[in-house]
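Pasted below: run.cif, mmCIF, C-alpha atoms.
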```cif
data_protein
loop_
_atom_site.group_PDB
_atom_site.id
_atom_site.type_symbol
_atom_site.label_atom_id
_atom_site.label_comp_id
_atom_site.auth_asym_id
_atom_site.auth_seq_id
_atom_site.Cartn_x
_atom_site.Cartn_y
_atom_site.Cartn_z
ATOM 1 C CA MET A 251 118.619 90.840 86.921
ATOM 2 C CA LYS A 252 120.283 90.611 83.570
ATOM 3 C CA ASN A 253 121.243 94.269 83.370
ATOM 4 C CA ASN A 254 122.414 96.511 86.170
ATOM 5 C CA LEU A 255 119.315 98.630 86.437
ATOM 6 C CA TYR A 256 118.724 100.086 89.864
ATOM 7 C CA PHE A 257 116.085 98.199 91.841
ATOM 8 C CA ASP A 258 115.103 98.676 95.446
ATOM 9 C CA PHE A 259 112.195 97.168 97.292
ATOM 10 C CA THR A 260 111.428 98.014 100.897
ATOM 11 C CA ALA A 261 108.522 97.405 103.199
ATOM 12 C CA ASP A 262 107.904 99.659 106.158
ATOM 13 C CA LYS A 263 105.792 97.786 108.648
ATOM 14 C CA VAL A 264 105.361 100.894 110.761
ATOM 15 C CA LYS A 265 104.079 103.210 108.045
ATOM 16 C CA ASN A 266 102.345 100.348 106.191
ATOM 17 C CA THR A 267 104.110 101.207 102.978
ATOM 18 C CA LEU A 268 105.873 99.407 100.227
ATOM 19 C CA THR A 269 108.435 101.435 98.332
ATOM 20 C CA ILE A 270 109.640 100.157 95.020
ATOM 21 C CA LYS A 271 112.247 101.997 92.974
ATOM 22 C CA ARG A 272 113.288 100.883 89.547
ATOM 23 C CA GLU A 273 115.344 102.345 86.736
ATOM 24 C CA PHE A 274 114.347 101.759 83.121
ATOM 25 C CA LEU A 275 116.417 101.862 79.957
ATOM 26 C CA ALA A 276 114.261 104.513 78.339
ATOM 27 C CA GLY A 277 113.458 108.178 78.647
ATOM 28 C CA ARG A 278 110.808 109.470 81.019
ATOM 29 C CA PRO A 279 108.129 110.234 78.366
ATOM 30 C CA LEU A 280 108.137 106.674 77.052
ATOM 31 C CA VAL A 281 108.025 105.142 80.535
ATOM 32 C CA TRP A 282 105.212 107.524 81.478
ATOM 33 C CA ASP A 283 103.247 106.284 78.456
ATOM 34 C CA CYS A 284 103.704 102.684 79.549
ATOM 35 C CA TYR A 285 102.113 103.524 82.890
ATOM 36 C CA THR A 286 99.289 105.637 81.589
ATOM 37 C CA LYS A 287 98.078 104.179 78.286
ATOM 38 C CA ARG A 288 95.808 101.167 78.315
ATOM 39 C CA GLU A 289 97.218 99.432 75.259
ATOM 40 C CA LEU A 290 100.688 99.623 76.825
ATOM 41 C CA LEU A 291 99.638 98.769 80.389
ATOM 42 C CA ASP A 292 97.983 95.648 79.028
ATOM 43 C CA GLN A 293 101.349 94.482 77.802
ATOM 44 C CA TRP A 294 103.200 94.485 81.096
ATOM 45 C CA PHE A 295 101.212 95.155 84.261
ATOM 46 C CA ALA A 296 100.107 91.695 85.378
ATOM 47 C CA PRO A 297 103.046 89.497 86.351
ATOM 48 C CA ALA A 298 103.365 86.382 84.185
ATOM 49 C CA PRO A 299 101.726 83.934 83.872
ATOM 50 C CA LEU A 300 98.875 86.382 84.430
ATOM 51 C CA THR A 301 97.876 88.735 81.639
ATOM 52 C CA THR A 302 96.220 92.144 81.806
ATOM 53 C CA LYS A 303 92.871 92.967 80.251
ATOM 54 C CA THR A 304 91.562 96.534 80.348
ATOM 55 C CA LYS A 305 87.826 97.008 80.298
ATOM 56 C CA SER A 306 87.848 100.791 80.466
ATOM 57 C CA MET A 307 90.340 103.497 81.186
ATOM 58 C CA ASP A 308 90.203 107.242 81.558
ATOM 59 C CA PHE A 309 93.558 108.564 82.650
ATOM 60 C CA SER A 310 92.516 111.887 84.111
ATOM 61 C CA GLU A 311 91.988 113.244 87.619
ATOM 62 C CA GLY A 312 88.800 111.569 88.854
ATOM 63 C CA GLY A 313 89.040 108.998 86.071
ATOM 64 C CA HIS A 314 89.694 105.315 86.522
ATOM 65 C CA TRP A 315 91.275 102.160 85.157
ATOM 66 C CA HIS A 316 89.076 99.076 85.272
ATOM 67 C CA TYR A 317 91.047 95.963 84.473
ATOM 68 C CA ALA A 318 91.455 92.292 85.150
ATOM 69 C CA MET A 319 94.455 90.117 85.756
ATOM 70 C CA VAL A 320 93.734 86.858 83.994
ATOM 71 C CA GLU A 321 95.136 83.461 84.868
ATOM 72 C CA PRO A 322 96.086 81.061 82.072
ATOM 73 C CA ASN A 323 92.990 78.994 82.998
ATOM 74 C CA GLY A 324 90.801 82.051 82.427
ATOM 75 C CA THR A 325 90.151 83.028 86.050
ATOM 76 C CA GLU A 326 89.863 86.804 86.294
ATOM 77 C CA TYR A 327 90.785 89.070 89.209
ATOM 78 C CA TRP A 328 89.255 92.486 88.755
ATOM 79 C CA GLY A 329 90.679 95.726 89.967
ATOM 80 C CA LEU A 330 89.675 99.352 89.838
ATOM 81 C CA THR A 331 92.196 102.153 90.102
ATOM 82 C CA GLU A 332 90.891 105.679 90.635
ATOM 83 C CA TYR A 333 93.209 108.467 89.572
ATOM 84 C CA VAL A 334 93.418 111.324 92.027
ATOM 85 C CA LYS A 335 96.152 113.717 90.983
ATOM 86 C CA ILE A 336 98.091 113.737 87.753
ATOM 87 C CA GLN A 337 101.141 115.832 86.935
ATOM 88 C CA PRO A 338 102.551 114.646 83.588
ATOM 89 C CA ILE A 339 105.316 113.405 83.379
ATOM 90 C CA ASP A 340 106.345 113.812 87.007
ATOM 91 C CA TYR A 341 103.880 111.833 89.102
ATOM 92 C CA TYR A 342 100.378 110.588 89.641
ATOM 93 C CA THR A 343 98.465 109.401 92.669
ATOM 94 C CA ALA A 344 95.711 106.835 92.672
ATOM 95 C CA LEU A 345 93.532 104.697 94.906
ATOM 96 C CA ASP A 346 93.389 101.047 94.019
ATOM 97 C CA ALA A 347 90.681 98.565 94.900
ATOM 98 C CA PHE A 348 89.491 95.065 94.241
ATOM 99 C CA SER A 349 86.312 95.034 92.224
ATOM 100 C CA ASN A 350 84.138 92.821 90.074
ATOM 101 C CA ALA A 351 83.704 92.720 86.307
ATOM 102 C CA GLU A 352 81.082 95.472 86.599
ATOM 103 C CA GLY A 353 83.525 97.775 88.313
ATOM 104 C CA GLU A 354 81.810 97.659 91.697
ATOM 105 C CA ILE A 355 84.389 98.033 94.431
ATOM 106 C CA ASN A 356 84.681 95.281 97.005
ATOM 107 C CA GLU A 357 84.629 97.321 100.209
ATOM 108 C CA ASP A 358 85.605 94.341 102.335
ATOM 109 C CA LEU A 359 89.046 94.193 100.804
ATOM 110 C CA PRO A 360 91.820 96.656 101.544
ATOM 111 C CA ARG A 361 92.425 99.658 99.330
ATOM 112 C CA ALA A 362 95.777 101.277 98.938
ATOM 113 C CA GLU A 363 97.035 104.689 97.933
ATOM 114 C CA TRP A 364 99.604 104.814 95.165
ATOM 115 C CA LEU A 365 102.107 107.555 94.543
ATOM 116 C CA VAL A 366 104.117 106.996 91.402
ATOM 117 C CA ASN A 367 107.051 109.357 90.838
ATOM 118 C CA PHE A 368 108.961 109.633 87.576
ATOM 119 C CA THR A 369 112.430 111.186 87.544
ATOM 120 C CA ASP A 370 115.428 111.245 85.232
ATOM 121 C CA ARG A 371 118.477 109.155 86.009
ATOM 122 C CA GLY A 372 120.918 110.155 83.325
ATOM 123 C CA GLU A 373 119.322 109.091 80.073
ATOM 124 C CA ASN A 374 117.158 106.594 81.891
ATOM 125 C CA ALA A 375 113.979 106.995 83.869
ATOM 126 C CA LEU A 376 113.639 106.175 87.550
ATOM 127 C CA VAL A 377 110.195 105.247 88.798
ATOM 128 C CA GLU A 378 109.452 105.280 92.506
ATOM 129 C CA THR A 379 106.208 103.668 93.576
ATOM 130 C CA ILE A 380 104.989 104.134 97.127
ATOM 131 C CA VAL A 381 102.011 101.997 98.043
ATOM 132 C CA THR A 382 100.379 102.925 101.354
ATOM 133 C CA TYR A 383 97.856 100.735 103.134
ATOM 134 C CA LYS A 384 95.550 101.935 105.866
ATOM 135 C CA SER A 385 96.881 99.450 108.335
ATOM 136 C CA LEU A 386 99.411 96.714 108.706
ATOM 137 C CA SER A 387 96.682 94.086 108.654
ATOM 138 C CA ASP A 388 95.556 95.451 105.270
ATOM 139 C CA LEU A 389 99.027 94.899 103.901
ATOM 140 C CA GLU A 390 99.100 91.390 105.300
ATOM 141 C CA THR A 391 95.663 90.630 103.866
ATOM 142 C CA VAL A 392 96.786 91.660 100.410
ATOM 143 C CA ILE A 393 99.926 89.577 100.580
ATOM 144 C CA GLN A 394 97.971 86.589 101.808
ATOM 145 C CA MET A 395 95.377 87.003 99.077
ATOM 146 C CA GLY A 396 98.121 87.126 96.536
ATOM 147 C CA MET A 397 99.431 83.834 97.802
ATOM 148 C CA GLU A 398 96.006 82.240 97.647
ATOM 149 C CA GLN A 399 95.417 83.529 94.162
ATOM 150 C CA GLY A 400 98.589 81.904 93.005
ATOM 151 C CA MET A 401 99.937 85.216 91.813
ATOM 152 C CA MET A 402 103.178 84.635 93.577
ATOM 153 C CA ALA A 403 106.150 82.843 92.208
ATOM 154 C CA THR A 404 107.219 79.768 94.080
ATOM 155 C CA LEU A 405 109.479 80.064 97.034
ATOM 156 C CA GLU A 406 111.613 77.211 95.873
ATOM 157 C CA LYS A 407 114.454 79.436 94.827
ATOM 158 C CA LEU A 408 114.673 81.047 98.225
ATOM 159 C CA ASP A 409 114.339 77.733 99.998
ATOM 160 C CA GLN A 410 117.175 76.324 97.955
ATOM 161 C CA LEU A 411 119.372 79.286 98.706
ATOM 162 C CA LEU A 412 118.652 78.941 102.399
ATOM 163 C CA LEU A 413 119.497 75.269 102.260
ATOM 164 C CA THR A 414 122.811 76.085 100.634
ATOM 165 C CA LEU A 415 123.516 78.705 103.258
ATOM 166 C CA LYS A 416 122.768 76.298 106.077
ATOM 167 C CA LYS A 417 125.424 73.846 104.898
ATOM 168 C CA MET B 151 111.062 96.323 123.729
ATOM 169 C CA ARG B 152 111.946 93.937 120.979
ATOM 170 C CA ARG B 153 112.686 95.642 117.723
ATOM 171 C CA ASP B 154 110.639 95.245 114.616
ATOM 172 C CA ILE B 155 112.333 93.065 112.040
ATOM 173 C CA PHE B 156 110.866 95.005 109.164
ATOM 174 C CA GLN B 157 112.356 98.212 110.410
ATOM 175 C CA ALA B 158 115.623 96.423 110.835
ATOM 176 C CA VAL B 159 115.785 95.394 107.210
ATOM 177 C CA ALA B 160 114.469 98.701 105.900
ATOM 178 C CA ASP B 161 117.978 100.126 106.203
ATOM 179 C CA PRO B 162 120.240 99.518 103.179
ATOM 180 C CA THR B 163 123.409 99.130 105.260
ATOM 181 C CA ARG B 164 121.757 96.539 107.442
ATOM 182 C CA ARG B 165 120.562 94.681 104.376
ATOM 183 C CA ALA B 166 124.122 94.737 103.066
ATOM 184 C CA ILE B 167 125.406 93.383 106.387
ATOM 185 C CA ILE B 168 122.878 90.575 106.201
ATOM 186 C CA ALA B 169 123.961 89.728 102.669
ATOM 187 C CA LEU B 170 127.572 89.736 103.788
ATOM 188 C CA ILE B 171 127.252 87.476 106.796
ATOM 189 C CA ALA B 172 124.878 85.181 104.936
ATOM 190 C CA LEU B 173 127.992 83.785 103.310
ATOM 191 C CA GLN B 174 129.989 83.300 106.494
ATOM 192 C CA ALA B 175 130.090 84.412 110.107
ATOM 193 C CA MET B 176 132.249 87.514 110.541
ATOM 194 C CA THR B 177 133.743 89.685 113.243
ATOM 195 C CA PRO B 178 132.558 93.310 113.510
ATOM 196 C CA ASN B 179 135.945 94.510 112.239
ATOM 197 C CA ALA B 180 135.787 92.286 109.181
ATOM 198 C CA ILE B 181 132.263 93.517 108.487
ATOM 199 C CA ALA B 182 133.250 97.165 108.919
ATOM 200 C CA GLU B 183 136.009 96.777 106.325
ATOM 201 C CA HIS B 184 133.339 96.307 103.683
ATOM 202 C CA PHE B 185 131.683 99.625 104.407
ATOM 203 C CA ASP B 186 132.533 103.233 104.009
ATOM 204 C CA THR B 187 131.443 104.048 107.502
ATOM 205 C CA THR B 188 132.775 103.998 111.044
ATOM 206 C CA ARG B 189 133.229 100.857 113.063
ATOM 207 C CA GLN B 190 130.895 102.470 115.591
ATOM 208 C CA ALA B 191 128.102 102.822 113.055
ATOM 209 C CA ILE B 192 128.459 99.175 112.110
ATOM 210 C CA SER B 193 128.273 98.188 115.772
ATOM 211 C CA LYS B 194 125.023 100.086 116.040
ATOM 212 C CA HIS B 195 123.595 98.271 113.049
ATOM 213 C CA LEU B 196 124.707 94.944 114.490
ATOM 214 C CA LYS B 197 123.029 95.825 117.757
ATOM 215 C CA VAL B 198 119.728 96.460 115.968
ATOM 216 C CA LEU B 199 120.028 93.236 114.023
ATOM 217 C CA THR B 200 120.856 91.310 117.197
ATOM 218 C CA GLU B 201 117.953 92.823 119.118
ATOM 219 C CA CYS B 202 115.454 91.633 116.566
ATOM 220 C CA GLU B 203 117.196 88.265 116.470
ATOM 221 C CA LEU B 204 118.171 88.464 112.834
ATOM 222 C CA VAL B 205 121.779 87.788 113.734
ATOM 223 C CA LYS B 206 123.382 86.086 116.686
ATOM 224 C CA GLN B 207 126.768 86.389 118.289
ATOM 225 C CA GLU B 208 129.123 83.517 118.640
ATOM 226 C CA HIS B 209 132.265 83.657 120.709
ATOM 227 C CA GLN B 210 135.305 81.991 119.257
ATOM 228 C CA GLY B 211 138.260 82.526 121.540
ATOM 229 C CA ARG B 212 138.525 86.253 122.114
ATOM 230 C CA GLU B 213 136.636 87.153 118.960
ATOM 231 C CA ILE B 214 132.931 87.680 118.525
ATOM 232 C CA TYR B 215 131.489 86.445 115.266
ATOM 233 C CA TYR B 216 128.159 87.547 113.891
ATOM 234 C CA GLN B 217 126.058 84.934 112.213
ATOM 235 C CA LEU B 218 122.782 85.066 110.348
ATOM 236 C CA GLU B 219 119.689 83.587 111.991
ATOM 237 C CA ILE B 220 118.423 81.691 108.990
ATOM 238 C CA ASP B 221 114.978 80.891 110.348
ATOM 239 C CA LYS B 222 114.216 84.477 111.196
ATOM 240 C CA MET B 223 115.327 85.634 107.777
ATOM 241 C CA LYS B 224 113.171 83.012 106.192
ATOM 242 C CA GLU B 225 110.122 84.402 107.948
ATOM 243 C CA ILE B 226 110.612 87.890 106.540
ATOM 244 C CA ASP B 227 111.787 86.767 103.169
ATOM 245 C CA LYS B 228 108.798 84.555 102.640
ATOM 246 C CA TRP B 229 106.619 87.554 103.264
ATOM 247 C CA LEU B 230 108.498 90.031 101.159
ATOM 248 C CA GLU B 231 109.729 87.734 98.470
ATOM 249 C CA GLN B 232 106.134 87.276 97.400
ATOM 250 C CA PHE B 233 105.714 90.932 96.620
ATOM 251 C CA ARG B 234 109.182 91.522 95.363
ATOM 252 C CA LYS B 235 108.821 88.713 92.854
ATOM 253 C CA ILE B 236 105.655 90.246 91.448
ATOM 254 C CA TRP B 237 107.365 93.550 90.893
ATOM 255 C CA GLU B 238 110.450 91.965 89.389
ATOM 256 C CA THR B 239 108.380 90.028 86.898
ATOM 257 C CA ARG B 240 106.239 93.044 86.125
ATOM 258 C CA PHE B 241 109.272 95.261 85.537
ATOM 259 C CA ALA B 242 111.039 92.675 83.388
ATOM 260 C CA GLN B 243 107.935 92.748 81.215
ATOM 261 C CA LEU B 244 108.079 96.530 81.090
ATOM 262 C CA ASP B 245 111.752 96.338 80.110
ATOM 263 C CA ASN B 246 110.804 94.181 77.157
ATOM 264 C CA LEU B 247 107.990 96.477 76.145
ATOM 265 C CA LEU B 248 110.225 99.547 76.350
ATOM 266 C CA SER B 249 112.884 97.946 74.206
ATOM 267 C CA THR B 250 110.258 97.034 71.600
ATOM 268 C CA LEU B 251 108.831 100.545 71.660
ATOM 269 C CA LYS B 252 112.257 102.121 71.277
ATOM 270 C CA LYS B 253 112.915 100.011 68.188
ATOM 271 C CA THR B 254 109.641 100.965 66.525
ATOM 272 C CA HIS B 255 110.112 104.652 67.362
ATOM 273 C CA LYS B 256 113.467 104.784 65.641
#
```
Please, can you express the file's structure as structure tokens?
Amino acid sequence: MKNNLYFDFTADKVKNTLTIKREFLAGRPLVWDCYTKRELLDQWFAPAPLTTKTKSMDFSEGGHWHYAMVEPNGTEYWGLTEYVKIQPIDYYTALDAFSNAEGEINEDLPRAEWLVNFTDRGENALVETIVTYKSLSDLETVIQMGMEQGMMATLEKLDQLLLTLKK
Amino acid sequence: MRRDIFQAVADPTRRAIIALIALQAMTPNAIAEHFDTTRQAISKHLKVLTECELVKQEHQGREIYYQLEIDKMKEIDKWLEQFRKIWETRFAQLDNLLSTLKKTHK
């Protein structure tokens, strides 16, 4: 990381959770906007080289975000996030799902519960995201799907590091 | 019962120990010097890491050195690195967006 912003990523294989904490060089209201406004979400959510395309969004309790992550070749992966509880600008909870372009949820694929907490860290904002899967196999399915969909960066860097360490 | 490797690396001190001995094998005392905690606590962490085969002991003379089990680490890292990378990329993008927004708001 180019700047020393706090970042922590942990997986708990027992509770089937991923916890991701990250500090941002901006105040809480601005960071909250980036998470909850479609025109801003579209600018950062999908990891490059994927881009984000929002079809519809209603950020309210019971509302949803219907979006696609789009590969450079045009392949789209649709997702539907349903917002459950919203407490601006402290936290929101949501249920995510894989869907199609019509917003129909694919029930065969795992859904996860998201809790996104926003707190102050000095002048910066700290965002803690806790993603909970129903089971460990759900978590593994999602990771494996990600690998198949080419969403993941190559492992070359890690492999190289490990090679260096072995010497 | 063999310990779960994911639980083992969920602890920040244990992750720090792993990072430390990734560079070179070390004795428990040398490891403990890097932490603000008791030698006993470090021993406990090393025990957990040993039980899930993330580190192994090597005897050199009278000293015990702890060494990283590269293959085991690779297994976990491959798994987690996938997800971690996504979030890193995503957040770097958010960093850029925030800095743009801050400029336009001023």
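Take CA of Lys265 in chain A and CA of Ser385 in chain A: the distance between them is 8.1 Å.
For the atom pair formed by CA of Thr382 in chain A and CA of Leu300 in chain A, the distance is 23.7 Å, given to one decimal.
In this structure, CA of Pro338 in chain A sits 20.3 Å away from CA of Trp294 in chain A.
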query: Given the choices A:Thr269, A:Leu255, A:Phe274, A:Met319, which gets closest to chain B if the distance is worked out from only C-alpha atoms?
result: A:Phe274
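Evaluated on this file, the PyMOL selection byres ((chain A and resi 282) around 9) matches Gly277, Arg278, Pro279, Leu280, Val281, Asp283, Cys284, Tyr285, Thr286, Lys287, Pro338, Ile339, Asp340, Tyr341 and Phe368 of chain A.
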- prompt: Just so the selection is clear, what residues does the PyMOL selection byres ((chain B and resi 174) around 12) cover here, as a PyMOL selection string?
  reply: (chain A and resi 414-417) or (chain B and resi 167-173+175-177+180-181+205+215-220)
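Across B:Val198, B:Leu204, B:Val159, B:Gln190, the tightest approach to chain A is made by B:Val159 when counting all atoms listed in the file.
For the set B:Phe233, B:Thr254, B:Lys194, B:Gln207, the residue with the smallest atom-to-atom gap to chain A is B:Phe233, counting all atoms listed in the file.
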- prompt: Contacts of Thr302 in chain A at 9 Å or less, counting all atoms listed in the file, minus same-chain residues fewer than 5 places along, as a ChimeraX atom specification?
  reply: /A:291-297,317-320
Go ahead and write the selection's residues with C-alpha atoms as a PDB file, keeping the file's coordinate frame.
```
ATOM      1  CA  LEU A 291      99.638  98.769  80.389  1.00  0.00           C
ATOM      2  CA  ASP A 292      97.983  95.648  79.028  1.00  0.00           C
ATOM      3  CA  GLN A 293     101.349  94.482  77.802  1.00  0.00           C
ATOM      4  CA  TRP A 294     103.200  94.485  81.096  1.00  0.00           C
ATOM      5  CA  PHE A 295     101.212  95.155  84.261  1.00  0.00           C
ATOM      6  CA  ALA A 296     100.107  91.695  85.378  1.00  0.00           C
ATOM      7  CA  PRO A 297     103.046  89.497  86.351  1.00  0.00           C
ATOM      8  CA  TYR A 317      91.047  95.963  84.473  1.00  0.00           C
ATOM      9  CA  ALA A 318      91.455  92.292  85.150  1.00  0.00           C
ATOM     10  CA  MET A 319      94.455  90.117  85.756  1.00  0.00           C
ATOM     11  CA  VAL A 320      93.734  86.858  83.994  1.00  0.00           C
TER      12      VAL A 320
END
```
query: How would you write, as a VMD selection string, the residues chosen by the PyMOL selection byres ((chain A and resi 315) around 12) on this structure?
result: chain A and resid 285 to 289 291 to 292 302 to 314 316 to 318 328 to 334 344 to 349 353
field: Nearest residue to Tyr383 in chain A from the set A:Ala298, A:Ile355, A:Leu275, A:Ala362 (distances using only C-alpha atoms)
entry: A:Ala362
Centre and edge lengths of an axis-aligned box around all listed atoms of range 167-177 of chain B, with 6 Å added on each side, are to be given in Å to one decimal, as lines of an AutoDock Vina configuration file.
```
center_x = 128.3
center_y = 88.3
center_z = 108.0
size_x = 22.9
size_y = 22.1
size_z = 22.6
```
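Across A:Asp358, A:Asp370, A:Glu273, A:Glu363, the tightest approach to Phe241 in chain B is made by A:Glu273 when counting all atoms listed in the file.
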Distance query Lys271 in chain A at most 12 Å, all atoms listed in the file, self and fewer than 2 positions along chain excluded, as a list of chain:residue names: A:Leu255, A:Tyr256, A:Phe257, A:Asp258, A:Phe259, A:Thr260, A:Ala261, A:Leu268, A:Thr269, A:Glu273, A:Phe274, A:Leu365, A:Val366, A:Asn367, A:Phe368, A:Thr369, A:Arg371, A:Ala375, A:Leu376, A:Val377, A:Glu378, A:Thr379, A:Ile380, A:Val381, B:Arg234, B:Trp237, B:Glu238, B:Phe241
Could N, CA and C atoms be built for range 350-373 of chain A and written out as a JSON list (two decimals), in the frame of the given file?
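rebuild.json written:
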```json
[["chain", "number", "residue", "atom", "x", "y", "z"],
["A", 350, "ASN", "N", 84.63, 93.91, 90.90],
["A", 350, "ASN", "CA", 84.14, 92.82, 90.07],
["A", 350, "ASN", "C", 84.16, 93.28, 88.62],
["A", 351, "ALA", "N", 83.65, 92.42, 87.74],
["A", 351, "ALA", "CA", 83.70, 92.72, 86.31],
["A", 351, "ALA", "C", 82.87, 93.94, 85.96],
["A", 352, "GLU", "N", 81.93, 94.30, 86.85],
["A", 352, "GLU", "CA", 81.08, 95.47, 86.60],
["A", 352, "GLU", "C", 81.72, 96.75, 87.13],
["A", 353, "GLY", "N", 82.85, 96.60, 87.80],
["A", 353, "GLY", "CA", 83.52, 97.78, 88.31],
["A", 353, "GLY", "C", 83.02, 98.22, 89.67],
["A", 354, "GLU", "N", 82.26, 97.34, 90.34],
["A", 354, "GLU", "CA", 81.81, 97.66, 91.70],
["A", 354, "GLU", "C", 82.92, 97.28, 92.67],
["A", 355, "ILE", "N", 83.28, 98.24, 93.50],
["A", 355, "ILE", "CA", 84.39, 98.03, 94.43],
["A", 355, "ILE", "C", 83.99, 97.09, 95.56],
["A", 356, "ASN", "N", 84.88, 96.16, 95.86],
["A", 356, "ASN", "CA", 84.68, 95.28, 97.00],
["A", 356, "ASN", "C", 85.20, 96.00, 98.26],
["A", 357, "GLU", "N", 84.25, 96.49, 99.06],
["A", 357, "GLU", "CA", 84.63, 97.32, 100.21],
["A", 357, "GLU", "C", 85.23, 96.49, 101.35],
["A", 358, "ASP", "N", 85.07, 95.19, 101.27],
["A", 358, "ASP", "CA", 85.60, 94.34, 102.34],
["A", 358, "ASP", "C", 87.11, 94.15, 102.21],
["A", 359, "LEU", "N", 87.62, 94.41, 101.02],
["A", 359, "LEU", "CA", 89.05, 94.19, 100.80],
["A", 359, "LEU", "C", 89.80, 95.51, 100.86],
["A", 360, "PRO", "N", 91.05, 95.43, 101.33],
["A", 360, "PRO", "CA", 91.82, 96.66, 101.54],
["A", 360, "PRO", "C", 92.07, 97.46, 100.27],
["A", 361, "ARG", "N", 92.05, 98.76, 100.42],
["A", 361, "ARG", "CA", 92.42, 99.66, 99.33],
["A", 361, "ARG", "C", 93.77, 100.27, 99.69],
["A", 362, "ALA", "N", 94.48, 100.67, 98.68],
["A", 362, "ALA", "CA", 95.78, 101.28, 98.94],
["A", 362, "ALA", "C", 95.93, 102.54, 98.10],
["A", 363, "GLU", "N", 96.75, 103.44, 98.62],
["A", 363, "GLU", "CA", 97.04, 104.69, 97.93],
["A", 363, "GLU", "C", 98.35, 104.53, 97.19],
["A", 364, "TRP", "N", 98.38, 104.92, 95.96],
["A", 364, "TRP", "CA", 99.60, 104.81, 95.16],
["A", 364, "TRP", "C", 100.14, 106.19, 94.83],
["A", 365, "LEU", "N", 101.43, 106.36, 95.03],
["A", 365, "LEU", "CA", 102.11, 107.56, 94.54],
["A", 365, "LEU", "C", 103.21, 107.06, 93.63],
["A", 366, "VAL", "N", 103.13, 107.46, 92.37],
["A", 366, "VAL", "CA", 104.12, 107.00, 91.40],
["A", 366, "VAL", "C", 104.89, 108.21, 90.87],
["A", 367, "ASN", "N", 106.17, 108.23, 91.20],
["A", 367, "ASN", "CA", 107.05, 109.36, 90.84],
["A", 367, "ASN", "C", 107.96, 108.99, 89.69],
["A", 368, "PHE", "N", 108.08, 109.87, 88.72],
["A", 368, "PHE", "CA", 108.96, 109.63, 87.58],
["A", 368, "PHE", "C", 110.06, 110.68, 87.57],
["A", 369, "THR", "N", 111.32, 110.24, 87.61],
["A", 369, "THR", "CA", 112.43, 111.19, 87.54],
["A", 369, "THR", "C", 113.47, 110.70, 86.53],
["A", 370, "ASP", "N", 114.36, 111.62, 86.16],
["A", 370, "ASP", "CA", 115.43, 111.24, 85.23],
["A", 370, "ASP", "C", 116.59, 110.66, 86.02],
["A", 371, "ARG", "N", 117.24, 109.69, 85.44],
["A", 371, "ARG", "CA", 118.48, 109.16, 86.01],
["A", 371, "ARG", "C", 119.42, 109.03, 84.82],
["A", 372, "GLY", "N", 120.14, 110.10, 84.55],
["A", 372, "GLY", "CA", 120.92, 110.16, 83.32],
["A", 372, "GLY", "C", 119.96, 110.12, 82.15],
["A", 373, "GLU", "N", 120.21, 109.22, 81.22],
["A", 373, "GLU", "CA", 119.32, 109.09, 80.07],
["A", 373, "GLU", "C", 118.15, 108.17, 80.37]]
```
